[in-house]
file final-v6.cif (mmCIF, C-alpha atoms and all ligand atoms)
data_final
#
loop_
_atom_site.label_atom_id
_atom_site.label_comp_id
_atom_site.auth_asym_id
_atom_site.auth_seq_id
_atom_site.Cartn_x
_atom_site.Cartn_y
_atom_site.Cartn_z
CA MET A 102 0.00 0.00 0.00
CA GLN A 103 2.71 2.37 1.06
CA ALA A 104 4.70 1.49 -2.06
CA ASN A 105 1.66 2.18 -4.23
CA LEU A 106 1.12 5.57 -2.67
CA LYS A 107 4.77 6.32 -3.01
CA SER A 108 4.89 5.42 -6.70
CA ALA A 109 1.66 7.33 -7.35
CA ALA A 110 3.17 10.39 -5.74
CA LYS A 111 6.35 9.83 -7.71
CA SER A 112 4.65 9.68 -11.10
CA ALA A 113 2.60 12.82 -10.32
CA ALA A 114 5.44 15.11 -11.45
CA PRO A 115 5.81 14.99 -15.22
CA LEU A 116 9.15 14.17 -16.79
CA GLU A 117 10.53 17.38 -18.27
CA LEU A 118 12.97 17.68 -21.16
CA ALA A 119 15.03 20.54 -22.51
CA LEU A 120 17.99 21.31 -24.76
CA ILE A 121 21.10 23.25 -23.86
CA PRO A 122 22.80 24.61 -27.00
CA VAL A 123 26.61 24.45 -26.67
CA LEU A 124 29.66 24.92 -28.90
CA GLN A 125 28.91 25.64 -32.55
CA ASP A 126 25.84 23.47 -33.09
CA ASN A 127 25.70 20.79 -30.36
CA TYR A 128 22.77 20.11 -28.08
CA VAL A 129 23.00 18.64 -24.60
CA MET A 130 19.65 17.09 -23.72
CA VAL A 131 18.41 17.30 -20.13
CA LEU A 132 15.66 15.19 -18.53
CA TRP A 133 14.46 15.92 -15.02
CA ARG A 134 11.78 15.10 -12.49
CA ASP A 135 11.45 15.64 -8.74
CA GLY A 136 14.79 17.39 -8.41
CA GLN A 137 16.76 14.64 -10.18
CA ALA A 138 18.27 15.09 -13.63
CA ALA A 139 20.00 13.17 -16.38
CA VAL A 140 21.88 14.57 -19.37
CA VAL A 141 22.65 13.09 -22.78
CA ASP A 142 25.95 13.75 -24.60
CA PRO A 143 27.42 16.66 -22.60
CA ALA A 144 29.96 18.13 -25.01
CA VAL A 145 31.10 20.55 -22.31
CA ALA A 146 30.43 20.83 -18.58
CA GLU A 147 30.19 24.45 -17.54
CA PRO A 148 26.91 25.51 -19.20
CA VAL A 149 25.38 22.21 -18.05
CA ILE A 150 26.50 22.71 -14.43
CA ASP A 151 25.11 26.28 -14.47
CA TRP A 152 21.83 25.15 -15.99
CA LEU A 153 21.34 22.37 -13.41
CA GLU A 154 22.44 24.50 -10.45
CA GLN A 155 20.08 27.32 -11.37
CA ARG A 156 17.22 24.84 -11.11
CA HIS A 157 18.58 23.08 -8.00
CA LEU A 158 18.78 19.77 -9.85
CA ASN A 159 20.91 16.84 -8.74
CA LEU A 160 22.60 15.04 -11.63
CA VAL A 161 22.04 11.28 -11.32
CA ALA A 162 23.00 10.03 -14.79
CA VAL A 163 24.91 10.86 -17.96
CA LEU A 164 23.95 8.94 -21.10
CA GLN A 165 26.54 8.69 -23.87
CA THR A 166 25.59 7.75 -27.43
CA HIS A 167 29.19 7.49 -28.70
CA HIS A 168 32.79 8.38 -27.91
CA HIS A 169 33.35 11.59 -29.92
CA SER A 170 34.65 14.48 -27.82
CA ASP A 171 31.70 16.74 -28.70
CA HIS A 172 29.53 14.17 -26.87
CA ILE A 173 31.66 13.07 -23.89
CA GLY A 174 33.90 16.12 -23.40
CA GLY A 175 32.00 17.51 -20.39
CA THR A 176 31.45 14.25 -18.55
CA PRO A 177 34.62 14.12 -16.39
CA ALA A 178 33.94 17.61 -15.00
CA LEU A 179 30.26 16.74 -14.39
CA LEU A 180 31.47 13.73 -12.40
CA ARG A 181 33.72 15.94 -10.31
CA ARG A 182 30.67 18.07 -9.44
CA TRP A 183 28.29 15.08 -8.99
CA PRO A 184 30.53 12.09 -8.16
CA ALA A 185 27.60 9.71 -7.61
CA ALA A 186 26.19 10.14 -11.13
CA GLU A 187 26.08 6.99 -13.27
CA VAL A 188 27.61 7.13 -16.74
CA VAL A 189 25.75 4.85 -19.14
CA ALA A 190 27.65 4.02 -22.33
CA SER A 191 28.39 1.20 -24.75
CA ARG A 192 30.25 -1.57 -22.94
CA ALA A 193 31.99 -2.38 -26.22
CA ASP A 194 33.42 1.16 -26.24
CA HIS A 195 34.93 0.95 -22.75
CA ASP A 196 38.39 1.89 -24.03
CA ARG A 197 37.12 5.12 -25.58
CA ILE A 198 34.62 6.00 -22.81
CA PRO A 199 36.67 4.85 -19.82
CA PHE A 200 34.70 6.76 -17.17
CA GLN A 201 31.52 4.77 -17.85
CA THR A 202 30.04 3.18 -14.72
CA SER A 203 27.27 1.23 -16.42
CA GLY A 204 28.24 -0.51 -19.67
CA VAL A 205 25.25 -1.42 -21.81
CA ALA A 206 24.55 -3.34 -25.02
CA GLU A 207 21.72 -4.07 -27.46
CA GLY A 208 18.44 -4.90 -25.75
CA ASP A 209 19.47 -3.79 -22.26
CA HIS A 210 16.86 -1.95 -20.24
CA PHE A 211 17.36 0.33 -17.29
CA ASN A 212 15.28 2.72 -15.22
CA LEU A 213 15.79 6.46 -15.51
CA LEU A 214 13.76 9.02 -13.55
CA GLY A 215 10.77 6.68 -13.43
CA ARG A 216 10.94 5.70 -17.10
CA SER A 217 12.17 2.53 -18.74
CA VAL A 218 15.03 3.04 -21.21
CA GLU A 219 15.85 0.57 -23.97
CA VAL A 220 19.33 0.45 -25.53
CA LEU A 221 19.60 0.10 -29.31
CA GLU A 222 22.91 -0.53 -31.06
CA VAL A 223 22.96 1.67 -34.16
CA PRO A 224 26.41 1.46 -35.81
CA GLY A 225 27.31 3.53 -38.85
CA HIS A 226 28.66 6.88 -37.60
CA THR A 227 30.92 4.95 -35.19
CA ARG A 228 31.09 1.20 -34.71
CA CYS A 229 29.78 1.30 -31.11
CA HIS A 230 27.14 4.04 -31.44
CA ILE A 231 24.05 3.41 -29.31
CA ALA A 232 20.66 5.12 -29.01
CA PHE A 233 18.38 5.40 -25.98
CA HIS A 234 14.67 4.79 -26.47
CA LEU A 235 12.04 5.64 -23.85
CA PRO A 236 8.79 4.00 -24.96
CA ALA A 237 5.55 5.81 -24.17
CA GLU A 238 4.50 5.00 -20.63
CA ARG A 239 1.65 6.03 -18.28
CA GLY A 240 0.58 9.01 -20.34
CA GLU A 241 4.16 10.18 -21.08
CA GLY A 242 5.24 10.21 -24.73
CA ALA A 243 8.03 8.23 -26.37
CA GLU A 244 11.49 9.81 -26.66
CA LEU A 245 14.57 8.85 -28.66
CA PHE A 246 18.12 10.07 -28.05
CA CYS A 247 20.04 9.12 -31.15
CA GLY A 248 23.28 11.14 -31.03
CA ASP A 249 24.87 11.42 -34.48
CA THR A 250 23.02 8.53 -36.16
CA LEU A 251 19.65 9.94 -37.21
CA PHE A 252 19.62 13.73 -37.62
CA ALA A 253 16.58 15.88 -38.37
CA GLY A 254 16.52 15.57 -42.15
CA GLY A 255 19.86 13.80 -42.28
CA CYS A 256 22.23 11.21 -40.83
CA GLY A 257 25.74 11.12 -39.40
CA ARG A 258 28.83 10.72 -41.52
CA LEU A 259 30.11 7.18 -41.95
CA PHE A 260 33.34 7.46 -39.94
CA GLU A 261 33.66 3.86 -38.81
CA GLY A 262 30.65 2.02 -40.19
CA THR A 263 29.32 1.02 -43.58
CA ALA A 264 26.36 2.33 -45.57
CA GLU A 265 24.78 -1.06 -44.92
CA GLN A 266 25.02 -0.55 -41.15
CA MET A 267 23.71 3.01 -41.29
CA HIS A 268 20.82 1.93 -43.51
CA GLN A 269 19.90 -0.77 -41.02
CA SER A 270 20.29 1.62 -38.05
CA LEU A 271 18.06 4.29 -39.62
CA ARG A 272 15.52 1.64 -40.52
CA ARG A 273 15.33 0.53 -36.90
CA LEU A 274 15.03 4.05 -35.51
CA THR A 275 12.32 5.10 -37.95
CA ALA A 276 10.37 1.89 -37.23
CA LEU A 277 9.67 3.24 -33.73
CA ALA A 278 6.23 4.71 -32.95
CA PRO A 279 5.51 7.68 -35.28
CA ALA A 280 4.91 10.11 -32.39
CA THR A 281 8.32 9.36 -30.83
CA ARG A 282 10.23 12.60 -30.37
CA VAL A 283 13.69 12.50 -31.94
CA TRP A 284 16.42 14.29 -29.98
CA CYS A 285 19.59 14.33 -32.05
CA ALA A 286 22.79 15.98 -30.89
CA HIS A 287 23.33 18.66 -33.55
CA GLU A 288 21.42 21.54 -35.12
CA TYR A 289 22.09 20.56 -38.74
CA THR A 290 18.46 20.61 -39.85
CA GLU A 291 18.44 23.62 -42.16
CA SER A 292 21.54 22.50 -44.05
CA ASN A 293 20.13 18.96 -44.27
CA LEU A 294 16.81 20.18 -45.65
CA ARG A 295 18.44 22.58 -48.13
CA TRP A 296 20.46 19.68 -49.47
CA ALA A 297 17.37 17.41 -49.50
CA ALA A 298 15.40 20.02 -51.46
CA SER A 299 18.20 20.16 -54.03
CA GLU A 300 18.16 16.34 -54.32
CA ALA A 301 14.37 16.09 -54.51
CA PRO A 302 13.15 19.46 -55.86
CA GLN A 303 9.66 18.13 -56.60
CA ASP A 304 9.01 16.79 -53.10
CA PRO A 305 6.32 18.91 -51.37
CA ALA A 306 6.90 17.42 -47.89
CA ILE A 307 10.58 18.37 -48.02
CA ALA A 308 9.79 21.85 -49.37
CA ASP A 309 7.24 22.42 -46.56
CA ARG A 310 9.65 21.27 -43.91
CA LEU A 311 12.44 23.45 -45.28
CA ALA A 312 10.11 26.46 -45.06
CA ASP A 313 9.20 25.58 -41.45
CA VAL A 314 12.84 25.10 -40.48
CA ARG A 315 13.92 28.38 -42.07
CA ARG A 316 11.22 30.18 -40.07
CA GLN A 317 12.33 28.52 -36.83
CA ARG A 318 16.00 29.28 -37.41
CA ALA A 319 15.29 32.89 -38.36
CA LEU A 320 13.65 33.23 -34.92
CA GLY A 321 16.66 31.54 -33.31
CA GLU A 322 14.56 28.52 -32.25
CA PRO A 323 15.88 24.96 -32.18
CA THR A 324 14.42 22.54 -34.74
CA ILE A 325 14.91 19.69 -32.27
CA PRO A 326 13.06 17.56 -31.26
CA SER A 327 11.79 16.16 -34.52
CA THR A 328 9.52 13.12 -34.67
CA VAL A 329 9.80 9.67 -36.21
CA ALA A 330 6.77 10.49 -38.40
CA LEU A 331 8.49 13.61 -39.79
CA GLU A 332 11.75 11.74 -40.47
CA ARG A 333 9.90 8.95 -42.28
CA THR A 334 8.36 11.43 -44.70
CA THR A 335 11.14 14.03 -45.18
CA ASN A 336 14.49 12.37 -44.42
CA LEU A 337 16.01 11.07 -47.66
CA PHE A 338 18.46 8.83 -45.79
CA ALA A 339 15.68 7.25 -43.74
CA ARG A 340 13.61 6.87 -46.93
CA SER A 341 16.43 5.27 -48.95
CA ALA A 342 15.47 1.87 -50.38
CA ASP A 343 18.83 0.20 -49.77
CA ALA A 344 22.43 0.71 -48.68
CA ALA A 345 23.56 1.64 -52.21
CA GLU A 346 21.07 4.51 -52.33
CA LEU A 347 22.10 5.65 -48.87
CA ALA A 348 25.79 5.58 -49.90
CA ARG A 349 25.03 7.71 -52.95
CA LEU A 350 23.05 10.22 -50.86
CA ARG A 351 25.79 10.36 -48.21
CA GLU A 352 28.36 11.13 -50.89
CA SER A 353 26.12 13.82 -52.36
CA LYS A 354 25.61 15.45 -48.94
CA ASN A 355 29.34 15.25 -48.13
CA THR A 356 30.15 17.34 -51.20
CA TYR A 357 27.08 19.64 -51.08
CA ARG A 358 27.96 23.33 -50.84
CA GLY A 359 24.60 25.06 -50.95
ZN ZN B 1 29.93 12.09 -33.60
FE FE B 2 28.77 15.00 -32.90
#

call {"tool": "encode", "arguments": {"input": "final-v6.cif", "output": "structure tokens"}}
result
Amino acid sequence: MQANLKSAAKSAAPLELALIPVLQDNYVMVLWRDGQAAVVDPAVAEPVIDWLEQRHLNLVAVLQTHHHSDHIGGTPALLRRWPAAEVVASRADHDRIPFQTSGVAEGDHFNLLGRSVEVLEVPGHTRCHIAFHLPAERGEGAELFCGDTLFAGGCGRLFEGTAEQMHQSLRRLTALAPATRVWCAHEYTESNLRWAASEAPQDPAIADRLADVRRQRALGEPTIPSTVALERTTNLFARSADAAELARLRESKNTYRG
């Protein structure tokens, strides 16, 4: 009985999410509830520490999608400020994310701020890239933290993986529930959509989205989060029929100067 009351009281506060823009175009995602917070891919520490301290939040977890410095760079300093925080990262990438305290792999589940989190291995940008999926639960919507794999209107560069792997990874991510909010780690949306509109000039969904994104950026607003439904209809990489098409698109985007 007591436990029931306790959990009812616990779930009364909604899970809140926000973005902290850092560096040139990175986003650090923050989730919080009842005074406890988690962050995803802290490129740097100082703006994150300030943000959390202003709101009197206690950092309990750092989630890392992959080992690049613009995703893990702030973690050691966050751990100095909140030494008890867990660092959840790919177990297979232990050498490159050595401060991880909780190594995870495909299919693992863990609890975060009252939500269940599912780990998806999504290689392509790096060989050990993972994504964190929070399925919809008790009236709270689904969320996806996908680092540099799926971008709004684009995908990450193939630094360590193959087009085949990226195609498979994007396929998995865009098979999630359409309403899932997509929190990627960079504000690349306008450039992605400008390129997409040059690739597919007759596509009305892409043209509409480009217009929306231009409006948002002109107002200085983030274009993140996106949704799985929006990526399915306007992301050429996610729409690509096979790995060969994805490879051709990736090459085209790599050399696009628009
Ligand atoms: Zn990266
Ligand atoms: Fe990055």

call {"tool": "atom_distance", "arguments": {"input": "final-v6.cif", "atom1": "CA of Ala339 (chain A)", "atom2": "CA of Val131 (chain A)"}}
result
25.8 Å

call {"tool": "atom_distance", "arguments": {"input": "final-v6.cif", "atom1": "atom ZN of ligand ZN 1 (chain B)", "atom2": "CA of Ser353 (chain A)"}}
result
19.2 Å

call {"tool": "residues_around", "arguments": {"input": "final-v6.cif", "residues": "region 214-218 of chain A", "least_positions_apart": "2", "cutoff": "12 Å", "atoms": "all atoms listed in the file", "output": "ChimeraX atom specification"}}
result
/A:108-118,131-140,159-162,164,189,205,207-212,220-221,232-246

call {"tool": "write_last_selection", "arguments": {"input": "final-v6.cif", "atoms": "C-alpha atoms", "output": "PDB file, keeping the file's coordinate frame"}}
result
ATOM      1  CA  SER A 108       4.890   5.420  -6.700  1.00  0.00           C
ATOM      2  CA  ALA A 109       1.660   7.330  -7.350  1.00  0.00           C
ATOM      3  CA  ALA A 110       3.170  10.390  -5.740  1.00  0.00           C
ATOM      4  CA  LYS A 111       6.350   9.830  -7.710  1.00  0.00           C
ATOM      5  CA  SER A 112       4.650   9.680 -11.100  1.00  0.00           C
ATOM      6  CA  ALA A 113       2.600  12.820 -10.320  1.00  0.00           C
ATOM      7  CA  ALA A 114       5.440  15.110 -11.450  1.00  0.00           C
ATOM      8  CA  PRO A 115       5.810  14.990 -15.220  1.00  0.00           C
ATOM      9  CA  LEU A 116       9.150  14.170 -16.790  1.00  0.00           C
ATOM     10  CA  GLU A 117      10.530  17.380 -18.270  1.00  0.00           C
ATOM     11  CA  LEU A 118      12.970  17.680 -21.160  1.00  0.00           C
ATOM     12  CA  VAL A 131      18.410  17.300 -20.130  1.00  0.00           C
ATOM     13  CA  LEU A 132      15.660  15.190 -18.530  1.00  0.00           C
ATOM     14  CA  TRP A 133      14.460  15.920 -15.020  1.00  0.00           C
ATOM     15  CA  ARG A 134      11.780  15.100 -12.490  1.00  0.00           C
ATOM     16  CA  ASP A 135      11.450  15.640  -8.740  1.00  0.00           C
ATOM     17  CA  GLY A 136      14.790  17.390  -8.410  1.00  0.00           C
ATOM     18  CA  GLN A 137      16.760  14.640 -10.180  1.00  0.00           C
ATOM     19  CA  ALA A 138      18.270  15.090 -13.630  1.00  0.00           C
ATOM     20  CA  ALA A 139      20.000  13.170 -16.380  1.00  0.00           C
ATOM     21  CA  VAL A 140      21.880  14.570 -19.370  1.00  0.00           C
ATOM     22  CA  ASN A 159      20.910  16.840  -8.740  1.00  0.00           C
ATOM     23  CA  LEU A 160      22.600  15.040 -11.630  1.00  0.00           C
ATOM     24  CA  VAL A 161      22.040  11.280 -11.320  1.00  0.00           C
ATOM     25  CA  ALA A 162      23.000  10.030 -14.790  1.00  0.00           C
ATOM     26  CA  LEU A 164      23.950   8.940 -21.100  1.00  0.00           C
ATOM     27  CA  VAL A 189      25.750   4.850 -19.140  1.00  0.00           C
ATOM     28  CA  VAL A 205      25.250  -1.420 -21.810  1.00  0.00           C
ATOM     29  CA  GLU A 207      21.720  -4.070 -27.460  1.00  0.00           C
ATOM     30  CA  GLY A 208      18.440  -4.900 -25.750  1.00  0.00           C
ATOM     31  CA  ASP A 209      19.470  -3.790 -22.260  1.00  0.00           C
ATOM     32  CA  HIS A 210      16.860  -1.950 -20.240  1.00  0.00           C
ATOM     33  CA  PHE A 211      17.360   0.330 -17.290  1.00  0.00           C
ATOM     34  CA  ASN A 212      15.280   2.720 -15.220  1.00  0.00           C
ATOM     35  CA  VAL A 220      19.330   0.450 -25.530  1.00  0.00           C
ATOM     36  CA  LEU A 221      19.600   0.100 -29.310  1.00  0.00           C
ATOM     37  CA  ALA A 232      20.660   5.120 -29.010  1.00  0.00           C
ATOM     38  CA  PHE A 233      18.380   5.400 -25.980  1.00  0.00           C
ATOM     39  CA  HIS A 234      14.670   4.790 -26.470  1.00  0.00           C
ATOM     40  CA  LEU A 235      12.040   5.640 -23.850  1.00  0.00           C
ATOM     41  CA  PRO A 236       8.790   4.000 -24.960  1.00  0.00           C
ATOM     42  CA  ALA A 237       5.550   5.810 -24.170  1.00  0.00           C
ATOM     43  CA  GLU A 238       4.500   5.000 -20.630  1.00  0.00           C
ATOM     44  CA  ARG A 239       1.650   6.030 -18.280  1.00  0.00           C
ATOM     45  CA  GLY A 240       0.580   9.010 -20.340  1.00  0.00           C
ATOM     46  CA  GLU A 241       4.160  10.180 -21.080  1.00  0.00           C
ATOM     47  CA  GLY A 242       5.240  10.210 -24.730  1.00  0.00           C
ATOM     48  CA  ALA A 243       8.030   8.230 -26.370  1.00  0.00           C
ATOM     49  CA  GLU A 244      11.490   9.810 -26.660  1.00  0.00           C
ATOM     50  CA  LEU A 245      14.570   8.850 -28.660  1.00  0.00           C
ATOM     51  CA  PHE A 246      18.120  10.070 -28.050  1.00  0.00           C
TER      52      PHE A 246
END

call {"tool": "closest_residue", "arguments": {"input": "final-v6.cif", "among": "A:His157, A:His195, A:Arg316, A:Arg258", "to": "ligand FE 2 (chain B)", "atoms": "all atoms listed in the file"}}
result
A:Arg258

call {"tool": "residues_near_ligand", "arguments": {"input": "final-v6.cif", "ligand": "ligand ZN 1 (chain B)", "cutoff": "9 Å", "atoms": "all atoms listed in the file", "output": "list in words"}}
result
Thr166, His167, His168, His169, Ser170, Asp171, His172, His226, Thr227, His230, Gly248, Asp249, Thr250, Gly257, Arg258, Phe260 and Ala286 of chain A

call {"tool": "atom_distance", "arguments": {"input": "final-v6.cif", "atom1": "CA of Ala280 (chain A)", "atom2": "CA of Asn127 (chain A)"}}
result
23.5 Å

call {"tool": "decode", "arguments": {"input": "final-v6.cif", "residues": "region 254-282 of chain A", "atoms": "N, CA and C atoms", "output": "PDB file, in the first residue's frame"}}
result
ATOM      1  N   GLY A 254      16.287  15.403 -40.717  1.00  0.00           N
ATOM      2  CA  GLY A 254      16.517  15.573 -42.152  1.00  0.00           C
ATOM      3  C   GLY A 254      17.827  15.004 -42.661  1.00  0.00           C
ATOM      4  N   GLY A 255      18.569  14.310 -41.827  1.00  0.00           N
ATOM      5  CA  GLY A 255      19.862  13.798 -42.283  1.00  0.00           C
ATOM      6  C   GLY A 255      20.328  12.596 -41.490  1.00  0.00           C
ATOM      7  N   CYS A 256      21.623  12.265 -41.649  1.00  0.00           N
ATOM      8  CA  CYS A 256      22.226  11.207 -40.831  1.00  0.00           C
ATOM      9  C   CYS A 256      23.695  11.545 -40.630  1.00  0.00           C
ATOM     10  N   GLY A 257      24.333  10.854 -39.692  1.00  0.00           N
ATOM     11  CA  GLY A 257      25.736  11.121 -39.398  1.00  0.00           C
ATOM     12  C   GLY A 257      26.640  10.636 -40.521  1.00  0.00           C
ATOM     13  N   ARG A 258      27.843  11.192 -40.546  1.00  0.00           N
ATOM     14  CA  ARG A 258      28.825  10.716 -41.519  1.00  0.00           C
ATOM     15  C   ARG A 258      29.277   9.304 -41.156  1.00  0.00           C
ATOM     16  N   LEU A 259      29.697   8.573 -42.161  1.00  0.00           N
ATOM     17  CA  LEU A 259      30.112   7.181 -41.946  1.00  0.00           C
ATOM     18  C   LEU A 259      31.596   7.148 -41.598  1.00  0.00           C
ATOM     19  N   PHE A 260      31.931   7.437 -40.336  1.00  0.00           N
ATOM     20  CA  PHE A 260      33.337   7.464 -39.937  1.00  0.00           C
ATOM     21  C   PHE A 260      33.892   6.060 -39.747  1.00  0.00           C
ATOM     22  N   GLU A 261      33.132   5.198 -39.103  1.00  0.00           N
ATOM     23  CA  GLU A 261      33.664   3.857 -38.811  1.00  0.00           C
ATOM     24  C   GLU A 261      32.783   2.745 -39.372  1.00  0.00           C
ATOM     25  N   GLY A 262      31.572   3.071 -39.747  1.00  0.00           N
ATOM     26  CA  GLY A 262      30.652   2.021 -40.185  1.00  0.00           C
ATOM     27  C   GLY A 262      30.433   2.061 -41.688  1.00  0.00           C
ATOM     28  N   THR A 263      29.624   1.134 -42.161  1.00  0.00           N
ATOM     29  CA  THR A 263      29.316   1.023 -43.583  1.00  0.00           C
ATOM     30  C   THR A 263      27.931   1.621 -43.869  1.00  0.00           C
ATOM     31  N   ALA A 264      27.680   1.857 -45.155  1.00  0.00           N
ATOM     32  CA  ALA A 264      26.358   2.329 -45.571  1.00  0.00           C
ATOM     33  C   ALA A 264      25.299   1.283 -45.201  1.00  0.00           C
ATOM     34  N   GLU A 265      25.674   0.044 -45.298  1.00  0.00           N
ATOM     35  CA  GLU A 265      24.780  -1.061 -44.921  1.00  0.00           C
ATOM     36  C   GLU A 265      24.356  -0.923 -43.450  1.00  0.00           C
ATOM     37  N   GLN A 266      25.333  -0.696 -42.580  1.00  0.00           N
ATOM     38  CA  GLN A 266      25.022  -0.551 -41.150  1.00  0.00           C
ATOM     39  C   GLN A 266      24.152   0.677 -40.891  1.00  0.00           C
ATOM     40  N   MET A 267      24.497   1.790 -41.518  1.00  0.00           N
ATOM     41  CA  MET A 267      23.709   3.015 -41.293  1.00  0.00           C
ATOM     42  C   MET A 267      22.283   2.818 -41.805  1.00  0.00           C
ATOM     43  N   HIS A 268      22.149   2.171 -42.960  1.00  0.00           N
ATOM     44  CA  HIS A 268      20.817   1.934 -43.507  1.00  0.00           C
ATOM     45  C   HIS A 268      19.973   1.131 -42.530  1.00  0.00           C
ATOM     46  N   GLN A 269      20.580   0.098 -41.988  1.00  0.00           N
ATOM     47  CA  GLN A 269      19.902  -0.767 -41.021  1.00  0.00           C
ATOM     48  C   GLN A 269      19.570   0.023 -39.735  1.00  0.00           C
ATOM     49  N   SER A 270      20.503   0.837 -39.278  1.00  0.00           N
ATOM     50  CA  SER A 270      20.292   1.618 -38.049  1.00  0.00           C
ATOM     51  C   SER A 270      19.145   2.615 -38.223  1.00  0.00           C
ATOM     52  N   LEU A 271      19.126   3.310 -39.377  1.00  0.00           N
ATOM     53  CA  LEU A 271      18.056   4.288 -39.617  1.00  0.00           C
ATOM     54  C   LEU A 271      16.712   3.591 -39.749  1.00  0.00           C
ATOM     55  N   ARG A 272      16.742   2.417 -40.355  1.00  0.00           N
ATOM     56  CA  ARG A 272      15.521   1.639 -40.515  1.00  0.00           C
ATOM     57  C   ARG A 272      14.933   1.289 -39.148  1.00  0.00           C
ATOM     58  N   ARG A 273      15.796   0.881 -38.253  1.00  0.00           N
ATOM     59  CA  ARG A 273      15.331   0.528 -36.901  1.00  0.00           C
ATOM     60  C   ARG A 273      14.753   1.749 -36.186  1.00  0.00           C
ATOM     61  N   LEU A 274      15.472   2.869 -36.262  1.00  0.00           N
ATOM     62  CA  LEU A 274      15.029   4.051 -35.510  1.00  0.00           C
ATOM     63  C   LEU A 274      13.710   4.581 -36.067  1.00  0.00           C
ATOM     64  N   THR A 275      13.548   4.550 -37.383  1.00  0.00           N
ATOM     65  CA  THR A 275      12.316   5.103 -37.954  1.00  0.00           C
ATOM     66  C   THR A 275      11.177   4.078 -37.937  1.00  0.00           C
ATOM     67  N   ALA A 276      11.454   2.870 -37.437  1.00  0.00           N
ATOM     68  CA  ALA A 276      10.375   1.892 -37.226  1.00  0.00           C
ATOM     69  C   ALA A 276       9.721   2.093 -35.855  1.00  0.00           C
ATOM     70  N   LEU A 277      10.271   2.972 -35.042  1.00  0.00           N
ATOM     71  CA  LEU A 277       9.666   3.244 -33.729  1.00  0.00           C
ATOM     72  C   LEU A 277       8.328   3.963 -33.938  1.00  0.00           C
ATOM     73  N   ALA A 278       7.566   4.104 -32.862  1.00  0.00           N
ATOM     74  CA  ALA A 278       6.232   4.715 -32.953  1.00  0.00           C
ATOM     75  C   ALA A 278       6.335   6.097 -33.607  1.00  0.00           C
ATOM     76  N   PRO A 279       5.420   6.412 -34.528  1.00  0.00           N
ATOM     77  CA  PRO A 279       5.507   7.679 -35.276  1.00  0.00           C
ATOM     78  C   PRO A 279       5.585   8.932 -34.400  1.00  0.00           C
ATOM     79  N   ALA A 280       4.927   8.917 -33.244  1.00  0.00           N
ATOM     80  CA  ALA A 280       4.908  10.110 -32.390  1.00  0.00           C
ATOM     81  C   ALA A 280       6.176  10.267 -31.547  1.00  0.00           C
ATOM     82  N   THR A 281       7.070   9.281 -31.607  1.00  0.00           N
ATOM     83  CA  THR A 281       8.316   9.356 -30.832  1.00  0.00           C
ATOM     84  C   THR A 281       9.069  10.639 -31.159  1.00  0.00           C
ATOM     85  N   ARG A 282       9.447  11.381 -30.129  1.00  0.00           N
ATOM     86  CA  ARG A 282      10.229  12.596 -30.371  1.00  0.00           C
ATOM     87  C   ARG A 282      11.696  12.224 -30.565  1.00  0.00           C
TER      88      ARG A 282
END
